[in-house]
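Source file: input04.cif (mmCIF, C-alpha atoms and all ligand atoms)
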```cif
data_my_file
#
loop_
_atom_site.label_atom_id
_atom_site.label_comp_id
_atom_site.auth_asym_id
_atom_site.auth_seq_id
_atom_site.Cartn_x
_atom_site.Cartn_y
_atom_site.Cartn_z
CA MET A 23 74.69 -71.37 66.44
CA VAL A 24 75.89 -68.82 69.01
CA LEU A 25 72.41 -68.57 70.53
CA CYS A 26 72.12 -72.33 70.65
CA ALA A 27 75.48 -72.50 72.39
CA LEU A 28 74.41 -69.84 74.88
CA ARG A 29 71.20 -71.73 75.55
CA GLN A 30 73.26 -74.83 76.31
CA GLN A 31 75.48 -72.78 78.60
CA VAL A 32 72.50 -71.34 80.46
CA LEU A 33 70.95 -74.77 80.79
CA ARG A 34 73.87 -76.71 82.05
CA CYS A 35 73.29 -77.75 85.64
CA SER A 36 75.41 -79.21 88.38
CA SER A 37 75.23 -82.75 87.06
CA HIS A 38 76.67 -81.57 83.76
CA CYS A 39 79.56 -79.73 85.37
CA ARG A 40 82.03 -82.59 85.34
CA THR A 41 81.42 -83.29 81.65
CA TRP A 42 81.64 -79.57 80.99
CA ALA A 43 84.95 -79.29 82.81
CA ARG A 44 86.47 -81.99 80.60
CA LEU A 45 85.77 -80.01 77.43
CA PRO A 46 88.63 -77.98 75.99
CA GLN A 47 88.19 -74.29 76.75
CA ARG A 48 87.38 -73.28 73.19
CA GLN A 49 84.40 -75.63 73.17
CA ARG A 50 82.88 -74.05 76.24
CA SER A 51 79.97 -72.14 74.90
CA GLY A 52 80.24 -69.25 77.38
CA CYS A 53 83.05 -67.87 75.21
CA VAL A 54 82.54 -65.28 72.49
CA TYR A 55 85.66 -66.24 70.52
CA SER A 56 87.05 -69.64 69.56
CA SER A 57 89.31 -71.05 66.86
CA ILE A 58 86.69 -70.27 64.20
CA HIS A 59 87.38 -66.58 64.91
CA GLY A 60 91.13 -67.16 64.53
CA PHE A 61 91.53 -67.08 68.31
CA ASN A 62 94.20 -69.27 69.85
CA GLN A 63 93.81 -69.13 73.60
CA ASP A 64 96.98 -71.04 74.46
CA GLU A 65 99.10 -68.69 72.36
CA ILE A 66 97.83 -65.51 74.02
CA LYS A 67 97.98 -67.10 77.46
CA GLU A 68 101.67 -67.82 76.97
CA LYS A 69 102.31 -64.25 75.86
CA LEU A 70 100.36 -62.75 78.77
CA GLN A 71 102.12 -64.94 81.35
CA ALA A 72 105.37 -63.12 80.54
CA PHE A 73 103.97 -59.93 82.14
CA HIS A 74 103.75 -61.02 85.71
CA GLY A 75 102.88 -59.37 89.00
CA GLY A 76 99.90 -59.51 91.29
CA SER A 77 97.25 -62.20 91.44
CA ILE A 78 93.53 -62.85 91.29
CA ASP A 79 92.53 -64.57 94.52
CA LEU A 80 89.42 -66.67 94.97
CA LEU A 81 87.86 -67.53 98.32
CA LYS A 82 84.88 -69.88 98.16
CA GLN A 83 82.91 -69.66 101.40
CA ASP A 84 80.55 -72.17 103.03
CA SER A 85 77.78 -69.57 102.67
CA GLY A 86 77.90 -70.14 98.90
CA ILE A 87 79.23 -66.61 98.40
CA ALA A 88 82.72 -66.43 96.89
CA VAL A 89 85.05 -63.44 97.01
CA LEU A 90 87.26 -62.69 94.01
CA THR A 91 90.03 -60.19 94.83
CA ILE A 92 92.00 -58.18 92.24
CA ASN A 93 95.32 -58.09 94.02
CA ASN A 94 98.15 -55.90 92.76
CA PRO A 95 98.23 -53.01 95.25
CA SER A 96 101.61 -51.54 94.22
CA ARG A 97 99.98 -50.74 90.84
CA MET A 98 96.54 -49.82 92.17
CA ASN A 99 95.36 -53.34 91.27
CA ALA A 100 96.15 -52.93 87.55
CA PHE A 101 95.81 -56.15 85.56
CA SER A 102 99.19 -57.63 84.68
CA GLY A 103 99.23 -60.30 81.93
CA SER A 104 99.51 -63.12 84.46
CA MET A 105 96.48 -61.70 86.32
CA MET A 106 94.47 -61.90 83.09
CA VAL A 107 95.40 -65.59 82.89
CA ASP A 108 94.60 -66.01 86.61
CA LEU A 109 91.17 -64.47 86.07
CA GLU A 110 90.33 -66.99 83.35
CA GLU A 111 91.33 -69.82 85.68
CA ARG A 112 89.27 -68.47 88.58
CA VAL A 113 86.23 -68.16 86.31
CA SER A 114 86.68 -71.84 85.34
CA GLN A 115 86.73 -72.75 89.04
CA LEU A 116 83.53 -70.81 89.62
CA GLU A 117 81.86 -72.47 86.62
CA ASN A 118 82.44 -75.77 88.40
CA TRP A 119 81.07 -74.89 91.84
CA PRO A 120 77.75 -76.66 92.37
CA GLU A 121 77.30 -75.14 95.86
CA GLY A 122 77.87 -71.57 94.64
CA LYS A 123 75.17 -68.90 94.85
CA GLY A 124 76.86 -65.51 94.87
CA LEU A 125 80.09 -63.73 94.01
CA ILE A 126 81.66 -60.48 95.22
CA VAL A 127 84.40 -58.97 93.06
CA GLN A 128 86.60 -56.53 94.98
CA GLY A 129 90.03 -54.92 94.82
CA ALA A 130 92.75 -55.34 97.44
CA ALA A 131 93.96 -52.53 99.69
CA GLU A 132 91.02 -50.15 99.46
CA THR A 133 90.92 -49.57 95.73
CA PHE A 134 89.15 -51.49 92.96
CA CYS A 135 91.28 -51.68 89.79
CA SER A 136 93.14 -49.20 87.59
CA GLY A 137 92.65 -51.18 84.36
CA SER A 138 95.35 -52.84 82.32
CA ASP A 139 98.88 -52.67 83.63
CA LEU A 140 100.30 -49.93 81.44
CA ASN A 141 103.69 -51.65 81.37
CA ALA A 142 102.10 -54.71 79.75
CA VAL A 143 100.01 -52.50 77.46
CA ARG A 144 103.15 -50.74 76.20
CA ALA A 145 104.86 -54.08 75.52
CA ILE A 146 101.95 -55.46 73.47
CA SER A 147 100.90 -52.21 71.82
CA ASN A 148 101.03 -53.75 68.33
CA GLN A 149 97.62 -54.30 66.73
CA GLN A 150 97.72 -58.09 66.58
CA ASP A 151 98.59 -58.62 70.23
CA GLY A 152 96.07 -55.98 71.28
CA MET A 153 93.30 -57.87 69.44
CA LYS A 154 94.30 -61.16 71.05
CA MET A 155 94.32 -59.64 74.54
CA CYS A 156 90.95 -58.02 73.81
CA MET A 157 89.40 -61.36 72.73
CA PHE A 158 90.90 -63.16 75.72
CA MET A 159 89.49 -60.63 78.19
CA GLN A 160 86.10 -60.49 76.45
CA ASN A 161 85.86 -64.27 76.76
CA SER A 162 86.76 -64.22 80.47
CA LEU A 163 84.46 -61.34 81.37
CA THR A 164 81.57 -62.76 79.34
CA ARG A 165 81.96 -66.06 81.16
CA LEU A 166 82.13 -64.15 84.47
CA LEU A 167 78.82 -62.42 83.75
CA ARG A 168 77.26 -65.71 82.60
CA LEU A 169 78.19 -67.61 85.76
CA PRO A 170 75.14 -69.18 87.43
CA LEU A 171 75.93 -67.00 90.46
CA ILE A 172 74.51 -63.62 91.42
CA SER A 173 77.53 -61.33 91.23
CA VAL A 174 78.29 -57.90 92.59
CA ALA A 175 81.25 -55.60 92.07
CA LEU A 176 82.26 -53.90 95.32
CA VAL A 177 83.85 -50.63 94.21
CA GLU A 178 86.05 -48.87 96.70
CA GLY A 179 88.54 -46.22 95.57
CA ARG A 180 88.89 -46.17 91.80
CA ALA A 181 87.66 -48.37 88.98
CA LEU A 182 89.43 -47.01 85.90
CA GLY A 183 89.59 -48.16 82.27
CA GLY A 184 89.50 -51.95 82.26
CA GLY A 185 88.58 -51.74 85.97
CA ALA A 186 85.39 -49.85 85.03
CA GLU A 187 84.72 -52.50 82.37
CA LEU A 188 85.14 -55.24 84.97
CA THR A 189 82.37 -53.71 87.10
CA THR A 190 79.96 -54.13 84.17
CA ALA A 191 80.72 -57.87 84.04
CA CYS A 192 78.86 -58.31 87.35
CA ASP A 193 75.10 -58.41 87.83
CA PHE A 194 75.21 -55.54 90.35
CA ARG A 195 77.54 -52.73 91.43
CA LEU A 196 77.91 -51.33 94.94
CA MET A 197 80.00 -48.19 95.49
CA ALA A 198 81.62 -47.05 98.72
CA ALA A 199 81.27 -43.37 99.59
CA GLY A 200 84.06 -41.43 97.84
CA SER A 201 84.68 -44.05 95.15
CA VAL A 202 84.78 -43.41 91.40
CA ILE A 203 84.06 -45.43 88.27
CA GLN A 204 85.62 -43.84 85.20
CA PHE A 205 85.87 -45.09 81.64
CA VAL A 206 89.15 -43.26 80.96
CA HIS A 207 89.65 -44.94 77.59
CA LYS A 208 89.18 -41.76 75.55
CA HIS A 209 92.05 -40.15 77.43
CA MET A 210 94.19 -43.14 76.42
CA GLY A 211 93.19 -42.76 72.75
CA LEU A 212 91.07 -45.91 73.09
CA VAL A 213 87.58 -47.25 73.48
CA PRO A 214 86.66 -50.12 75.81
CA GLY A 215 87.72 -53.49 74.40
CA TRP A 216 86.85 -55.90 77.19
CA GLY A 217 83.13 -55.76 76.33
CA GLY A 218 82.57 -52.82 78.66
CA ALA A 219 80.89 -50.57 76.07
CA ALA A 220 78.35 -53.18 74.98
CA ARG A 221 77.48 -54.03 78.58
CA LEU A 222 77.34 -50.35 79.58
CA VAL A 223 74.75 -49.62 76.88
CA HIS A 224 72.60 -52.46 78.25
CA LEU A 225 72.94 -51.11 81.77
CA VAL A 226 72.42 -47.36 81.33
CA GLY A 227 71.13 -46.94 77.77
CA SER A 228 72.97 -45.53 74.77
CA GLN A 229 72.52 -41.84 75.72
CA ASN A 230 74.15 -42.24 79.12
CA ALA A 231 76.80 -44.62 77.75
CA LEU A 232 77.75 -42.05 75.14
CA LYS A 233 78.10 -39.38 77.82
CA LEU A 234 80.20 -41.60 80.11
CA LEU A 235 82.54 -42.75 77.32
CA GLY A 236 82.61 -39.52 75.31
CA GLY A 237 83.27 -37.39 78.38
CA ALA A 238 85.36 -39.92 80.35
CA VAL A 239 83.02 -38.84 83.15
CA LYS A 240 83.93 -39.52 86.76
CA VAL A 241 80.94 -41.47 88.08
CA ASP A 242 80.51 -40.97 91.81
CA PRO A 243 77.98 -43.03 93.81
CA GLU A 244 75.21 -40.43 93.42
CA LEU A 245 75.54 -40.19 89.64
CA GLY A 246 75.93 -43.97 89.43
CA VAL A 247 72.63 -44.53 91.23
CA ASN A 248 70.86 -41.81 89.20
CA ILE A 249 71.72 -43.36 85.84
CA GLY A 250 71.12 -46.94 86.98
CA LEU A 251 74.74 -48.06 86.87
CA VAL A 252 74.96 -48.50 90.63
CA ASP A 253 72.64 -50.55 92.82
CA GLY A 254 73.67 -49.42 96.26
CA VAL A 255 75.98 -47.10 98.19
CA LEU A 256 77.98 -48.41 101.13
CA GLU A 257 78.96 -46.39 104.16
CA GLY A 258 82.50 -45.19 104.76
CA HIS A 259 85.80 -46.95 104.36
CA GLN A 260 86.80 -50.41 105.56
CA ASN A 261 88.05 -48.94 108.82
CA ALA A 262 85.55 -46.13 109.36
CA GLU A 263 84.31 -46.03 112.90
CA GLY A 264 80.82 -47.40 113.38
CA ALA A 265 80.48 -48.76 109.84
CA ALA A 266 80.74 -52.50 109.18
CA PRO A 267 83.67 -53.45 106.95
CA LEU A 268 82.72 -52.91 103.31
CA LEU A 269 83.04 -56.58 102.40
CA GLN A 270 80.63 -57.44 105.22
CA GLN A 271 78.21 -54.75 104.01
CA ALA A 272 78.42 -56.17 100.49
CA GLU A 273 77.82 -59.72 101.77
CA ASN A 274 74.79 -58.53 103.73
CA TRP A 275 73.45 -56.73 100.67
CA LEU A 276 73.95 -59.77 98.43
CA SER A 277 72.64 -62.32 100.94
CA ARG A 278 69.04 -61.12 100.53
CA TYR A 279 69.23 -62.46 96.95
CA THR A 280 71.20 -65.63 97.70
CA LYS A 281 69.16 -66.97 100.61
CA GLY A 282 67.93 -70.47 99.73
CA PRO A 283 69.23 -73.65 98.12
CA ALA A 284 71.96 -73.32 95.48
CA PRO A 285 70.03 -75.06 92.67
CA VAL A 286 67.17 -72.56 93.08
CA ILE A 287 69.44 -69.47 93.22
CA GLN A 288 71.37 -70.74 90.19
CA ALA A 289 68.08 -71.29 88.35
CA VAL A 290 67.04 -67.71 89.18
CA LYS A 291 70.26 -66.38 87.66
CA LYS A 292 69.86 -68.62 84.60
CA VAL A 293 66.31 -67.50 83.77
CA VAL A 294 67.36 -63.86 84.09
CA LEU A 295 70.48 -64.47 81.98
CA SER A 296 68.46 -66.12 79.22
CA GLY A 297 65.93 -63.27 79.33
CA ARG A 298 68.78 -60.77 79.13
CA GLU A 299 70.70 -62.37 76.29
CA LEU A 300 68.37 -64.48 74.16
CA PRO A 301 65.57 -63.50 71.77
CA LEU A 302 62.15 -63.96 73.38
CA SER A 303 61.16 -67.34 71.87
CA GLU A 304 64.54 -68.82 72.69
CA ALA A 305 64.42 -67.31 76.20
CA LEU A 306 60.96 -68.78 76.79
CA ARG A 307 62.10 -72.26 75.76
CA THR A 308 65.16 -71.95 77.95
CA GLU A 309 63.04 -70.79 80.87
CA LYS A 310 60.83 -73.85 80.42
CA ASP A 311 63.86 -76.14 80.53
CA ILE A 312 65.29 -74.42 83.61
CA PHE A 313 61.87 -74.63 85.27
CA GLY A 314 62.06 -78.37 84.63
CA THR A 315 65.23 -78.61 86.73
CA VAL A 316 63.55 -77.16 89.86
CA TRP A 317 59.99 -78.50 89.47
CA GLY A 318 59.59 -81.49 91.80
CA ALA A 319 63.18 -81.11 93.01
CA PRO A 320 63.93 -81.32 96.77
CA ALA A 321 63.48 -77.60 97.54
CA ASN A 322 60.13 -77.55 95.72
CA LEU A 323 58.88 -80.72 97.45
CA GLU A 324 59.96 -79.41 100.86
CA ALA A 325 58.13 -76.13 100.29
CA LEU A 326 54.99 -77.99 99.22
CA ALA A 327 55.16 -80.28 102.26
CA SER A 328 55.58 -77.35 104.67
CA LYS A 329 52.41 -75.66 103.29
CA SER A 330 54.34 -72.36 103.41
CA LYS A 331 52.43 -69.07 103.35
CA HIS A 332 53.87 -65.88 101.89
CA LYS A 333 52.51 -63.26 104.28
C1 LIG B 1 93.48 -51.58 77.19
C2 LIG B 1 93.41 -50.29 77.84
C3 LIG B 1 92.40 -50.05 78.90
C4 LIG B 1 91.62 -51.27 79.10
O1 LIG B 1 92.17 -52.25 79.59
O2 LIG B 1 90.44 -51.27 78.75
C5 LIG B 1 93.04 -49.66 80.20
O3 LIG B 1 92.63 -50.05 81.26
S1 LIG B 1 94.36 -48.66 80.08
C6 LIG B 1 94.75 -48.28 81.80
C7 LIG B 1 93.84 -47.22 82.32
N1 LIG B 1 94.30 -46.80 83.60
C8 LIG B 1 95.14 -45.79 83.79
O4 LIG B 1 95.53 -45.13 82.85
C9 LIG B 1 95.54 -45.51 85.20
C10 LIG B 1 96.77 -44.58 85.26
N2 LIG B 1 97.06 -44.27 86.63
C11 LIG B 1 96.48 -43.27 87.31
O5 LIG B 1 95.68 -42.54 86.79
C12 LIG B 1 96.89 -43.11 88.75
O6 LIG B 1 98.02 -43.90 89.00
C13 LIG B 1 95.76 -43.54 89.73
C14 LIG B 1 95.25 -44.93 89.46
C15 LIG B 1 94.61 -42.52 89.62
C16 LIG B 1 96.29 -43.51 91.17
O7 LIG B 1 96.86 -42.25 91.46
P1 LIG B 1 97.60 -42.02 92.85
O8 LIG B 1 96.70 -42.36 93.98
O9 LIG B 1 98.17 -40.64 92.81
O10 LIG B 1 98.75 -43.12 92.88
P2 LIG B 1 99.98 -43.27 91.87
O11 LIG B 1 99.73 -42.63 90.57
O12 LIG B 1 101.23 -42.90 92.60
O13 LIG B 1 99.95 -44.87 91.62
C17 LIG B 1 100.62 -45.76 92.49
C18 LIG B 1 101.43 -46.67 91.62
O14 LIG B 1 100.52 -47.43 90.83
C19 LIG B 1 100.94 -47.37 89.47
N3 LIG B 1 99.81 -47.57 88.58
C20 LIG B 1 98.57 -47.07 88.74
N4 LIG B 1 97.80 -47.50 87.73
C21 LIG B 1 98.56 -48.26 86.93
C22 LIG B 1 98.31 -48.97 85.72
N5 LIG B 1 97.10 -48.99 85.12
N6 LIG B 1 99.32 -49.67 85.18
C23 LIG B 1 100.56 -49.69 85.75
N7 LIG B 1 100.86 -49.02 86.91
C24 LIG B 1 99.86 -48.32 87.46
C25 LIG B 1 101.55 -45.98 89.34
O15 LIG B 1 102.36 -45.89 88.20
C26 LIG B 1 102.32 -45.90 90.65
O16 LIG B 1 103.50 -46.67 90.50
P3 LIG B 1 104.92 -46.03 90.95
O17 LIG B 1 105.08 -44.79 90.16
O18 LIG B 1 105.90 -47.10 90.62
O19 LIG B 1 104.76 -45.76 92.43
#
```

Is it possible to express this structure as structure tokens?
Ligand SMILES: CC[C@@H](C(=O)O)C(=O)SCCNC(=O)CCNC(=O)[C@H](O)C(C)(C)COP(=O)(O)OP(=O)(O)OC[C@H]1O[C@@H](n2cnc3c(N)ncnc32)[C@H](O)[C@@H]1OP(=O)(O)O
Amino acid sequence: MVLCALRQQVLRCSSHCRTWARLPQRQRSGCVYSSIHGFNQDEIKEKLQAFHGGSIDLLKQDSGIAVLTINNPSRMNAFSGSMMVDLEERVSQLENWPEGKGLIVQGAAETFCSGSDLNAVRAISNQQDGMKMCMFMQNSLTRLLRLPLISVALVEGRALGGGAELTTACDFRLMAAGSVIQFVHKHMGLVPGWGGAARLVHLVGSQNALKLLGGAVKVDPELGVNIGLVDGVLEGHQNAEGAAPLLQQAENWLSRYTKGPAPVIQAVKKVVLSGRELPLSEALRTEKDIFGTVWGAPANLEALASKSKHK
């Protein structure tokens, strides 16, 4: 049932978006948890809203590349409860963006994100609330990774705890010189709960994941690239002389994968997503259906008419 739901999620195309948007959240198949798992999204949202501060800002650009900014600089961009709710809303907006092709996730004020806001964590440190927050964030980050957009985390400064987990909910990671990704959970007497461990194993393999989590290792750009966690290293800081601003560098990096019409780029992401998440037979059937959405579509007909050569 879960696989079938994921297949539907992967398949849905722009024309389905309006119908999709009308569905209650729990019926959206991108989620891991719904009422059948005892998860009540409205209840946890109300609780999280009480811990306010900061925001998650979304800028959709005409280029089809959106920028999502984790914005709580006085707490090193830690996630307050209201920011967790904000994130879920921004992901919904991105799910309903037919023109979208790419997404950059960054932190405000030259640092990425220091994880959960420890003030909120202390206030909901009982087991039940912790589980609810964990399910809520797993749902949001799973939907973020499953967006039909090619996403990249732009890591400047520190990505700690939940911030490190957030980087794994993007397709790619770029690190600025001097930045650090660190799964500090062990030092907090915890393990990742936002899906970061499962995604990390997929990205770097279980041996490396065990080292990073077991040792709360500080991953610098060089180590990140060596173990396959990081896809590129950006020069200097935002204001470093001679270097383009980091966001511009990240946009340039991403644009080589997002050049072209949105339906084609979205289809690219969907076939990779199905290959990544579904068993082979299911992935093959999904690929066939996605192929059907681009075959004979305007971009395909234009390319055929122009007799393009791939020299
Ligand atoms: C569920 C748990 C897990 C998860 O979600 O998966 C987590 O994420 S738990 C949180 C893990 N993160 C941390 O433990 C970070 C703790 N903070 C630090 O290590 C340091 O603050 C820093 C991030 C390395 C920055 O150090 P520094 O440059 O020296 O600045 P300050 O320490 O002075 O920080 C400035 C300001 O920001 C506040 N801050 C930083 N992180 C958090 C946070 N996660 N929650 C709440 N507040 C945070 C810090 O307390 C300072 O505030 P003031 O003291 O009021 O100036």

Report the distance between CA of Asn93 (chain A) and CA of Leu245 (chain A) in Å, rounded to one decimal place.
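These atoms are spaced 27.0 Å apart.
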
Any idea what the distance is between CA of Ala191 (chain A) and atom P2 of ligand LIG 1 (chain B)?
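Computing the Euclidean distance for CA of Ala191 (chain A) and atom P2 of ligand LIG 1 (chain B) yields 25.4 Å.
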
Counting all atoms listed in the file, which of A:Ala327, A:Gly183, A:Gln270, A:Arg278 gets nearest to Val239 (chain A)?
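Smallest distance to Val239 (chain A) is found for A:Gly183.
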
For region 154-163 of chain A, please output as a list in words all residues within 6 Å (counting only C-alpha atoms; exclusion window: fewer than 3 positions along the same chain).
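The residues satisfying every condition are Cys53, Val54, Glu110, Asp151, Leu166, Ala191, Gly215, Trp216 and Gly217 of chain A.
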
Neighbours of ligand LIG 1 (chain B) within 8 Å, counting all atoms listed in the file, as JSON, numbers by chain?
{"A": [95, 96, 97, 98, 99, 100, 101, 102, 135, 136, 137, 138, 139, 140, 141, 142, 143, 152, 156, 180, 182, 183, 184, 185, 187, 206, 207, 210, 212, 213, 214, 215, 216]}

Those selected residues, please, written with C-alpha atoms and delivered as a PDB file, in the frame of the given file.
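And here's part.pdb as it stands now:
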```pdb
ATOM      1  CA  PRO A  95      98.230 -53.010  95.250  1.00  0.00           C
ATOM      2  CA  SER A  96     101.610 -51.540  94.220  1.00  0.00           C
ATOM      3  CA  ARG A  97      99.980 -50.740  90.840  1.00  0.00           C
ATOM      4  CA  MET A  98      96.540 -49.820  92.170  1.00  0.00           C
ATOM      5  CA  ASN A  99      95.360 -53.340  91.270  1.00  0.00           C
ATOM      6  CA  ALA A 100      96.150 -52.930  87.550  1.00  0.00           C
ATOM      7  CA  PHE A 101      95.810 -56.150  85.560  1.00  0.00           C
ATOM      8  CA  SER A 102      99.190 -57.630  84.680  1.00  0.00           C
ATOM      9  CA  CYS A 135      91.280 -51.680  89.790  1.00  0.00           C
ATOM     10  CA  SER A 136      93.140 -49.200  87.590  1.00  0.00           C
ATOM     11  CA  GLY A 137      92.650 -51.180  84.360  1.00  0.00           C
ATOM     12  CA  SER A 138      95.350 -52.840  82.320  1.00  0.00           C
ATOM     13  CA  ASP A 139      98.880 -52.670  83.630  1.00  0.00           C
ATOM     14  CA  LEU A 140     100.300 -49.930  81.440  1.00  0.00           C
ATOM     15  CA  ASN A 141     103.690 -51.650  81.370  1.00  0.00           C
ATOM     16  CA  ALA A 142     102.100 -54.710  79.750  1.00  0.00           C
ATOM     17  CA  VAL A 143     100.010 -52.500  77.460  1.00  0.00           C
ATOM     18  CA  GLY A 152      96.070 -55.980  71.280  1.00  0.00           C
ATOM     19  CA  CYS A 156      90.950 -58.020  73.810  1.00  0.00           C
ATOM     20  CA  ARG A 180      88.890 -46.170  91.800  1.00  0.00           C
ATOM     21  CA  LEU A 182      89.430 -47.010  85.900  1.00  0.00           C
ATOM     22  CA  GLY A 183      89.590 -48.160  82.270  1.00  0.00           C
ATOM     23  CA  GLY A 184      89.500 -51.950  82.260  1.00  0.00           C
ATOM     24  CA  GLY A 185      88.580 -51.740  85.970  1.00  0.00           C
ATOM     25  CA  GLU A 187      84.720 -52.500  82.370  1.00  0.00           C
ATOM     26  CA  VAL A 206      89.150 -43.260  80.960  1.00  0.00           C
ATOM     27  CA  HIS A 207      89.650 -44.940  77.590  1.00  0.00           C
ATOM     28  CA  MET A 210      94.190 -43.140  76.420  1.00  0.00           C
ATOM     29  CA  LEU A 212      91.070 -45.910  73.090  1.00  0.00           C
ATOM     30  CA  VAL A 213      87.580 -47.250  73.480  1.00  0.00           C
ATOM     31  CA  PRO A 214      86.660 -50.120  75.810  1.00  0.00           C
ATOM     32  CA  GLY A 215      87.720 -53.490  74.400  1.00  0.00           C
ATOM     33  CA  TRP A 216      86.850 -55.900  77.190  1.00  0.00           C
TER      34      TRP A 216
END
```

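Among the candidate residues A:Asn62, A:Glu132, A:Trp119, A:Lys82, the one lying nearest to Leu268 (chain A) is A:Glu132, with distances computed using all atoms listed in the file.
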
State, in Å with one decimal place, the distance from CA of Leu225 (chain A) to CA of Cys192 (chain A).
10.9 Å

Can you tell me which residues surround Asp242 (chain A) at a distance of at most 10 Å, considering all atoms listed in the file, apart from same-chain residues fewer than 2 positions away, and format the answer as a PDB file with C-alpha atoms, in the frame of the given file?
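Below is the file result.pdb, written as the result:
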```pdb
ATOM      1  CA  ARG A 180      88.890 -46.170  91.800  1.00  0.00           C
ATOM      2  CA  MET A 197      80.000 -48.190  95.490  1.00  0.00           C
ATOM      3  CA  ALA A 198      81.620 -47.050  98.720  1.00  0.00           C
ATOM      4  CA  ALA A 199      81.270 -43.370  99.590  1.00  0.00           C
ATOM      5  CA  GLY A 200      84.060 -41.430  97.840  1.00  0.00           C
ATOM      6  CA  SER A 201      84.680 -44.050  95.150  1.00  0.00           C
ATOM      7  CA  VAL A 202      84.780 -43.410  91.400  1.00  0.00           C
ATOM      8  CA  ILE A 203      84.060 -45.430  88.270  1.00  0.00           C
ATOM      9  CA  GLN A 204      85.620 -43.840  85.200  1.00  0.00           C
ATOM     10  CA  VAL A 239      83.020 -38.840  83.150  1.00  0.00           C
ATOM     11  CA  LYS A 240      83.930 -39.520  86.760  1.00  0.00           C
ATOM     12  CA  GLU A 244      75.210 -40.430  93.420  1.00  0.00           C
ATOM     13  CA  LEU A 245      75.540 -40.190  89.640  1.00  0.00           C
ATOM     14  CA  GLY A 246      75.930 -43.970  89.430  1.00  0.00           C
ATOM     15  CA  VAL A 247      72.630 -44.530  91.230  1.00  0.00           C
ATOM     16  CA  VAL A 252      74.960 -48.500  90.630  1.00  0.00           C
ATOM     17  CA  VAL A 255      75.980 -47.100  98.190  1.00  0.00           C
TER      18      VAL A 255
END
```

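Counting all atoms listed in the file and comparing A:Gly179, A:Gly52, A:Gly237, A:Gly264, the residue that lies closest to Thr133 (chain A) is A:Gly179.
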
Have a look at A:His224, A:Val241, A:Leu90, A:Arg29 and name the one nearest to Pro301 (chain A); count all atoms listed in the file.
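The shortest atom-to-atom distance to Pro301 (chain A) comes from A:Arg29.
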
May I have the residues within 8 Å of region 294-296 of chain A as a list in words, using only C-alpha atoms and disregarding those fewer than 5 positions away in the same chain?
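Result of the neighbour search: Arg29, Val32, Arg168, Ala305, Thr308 and Glu309 of chain A.
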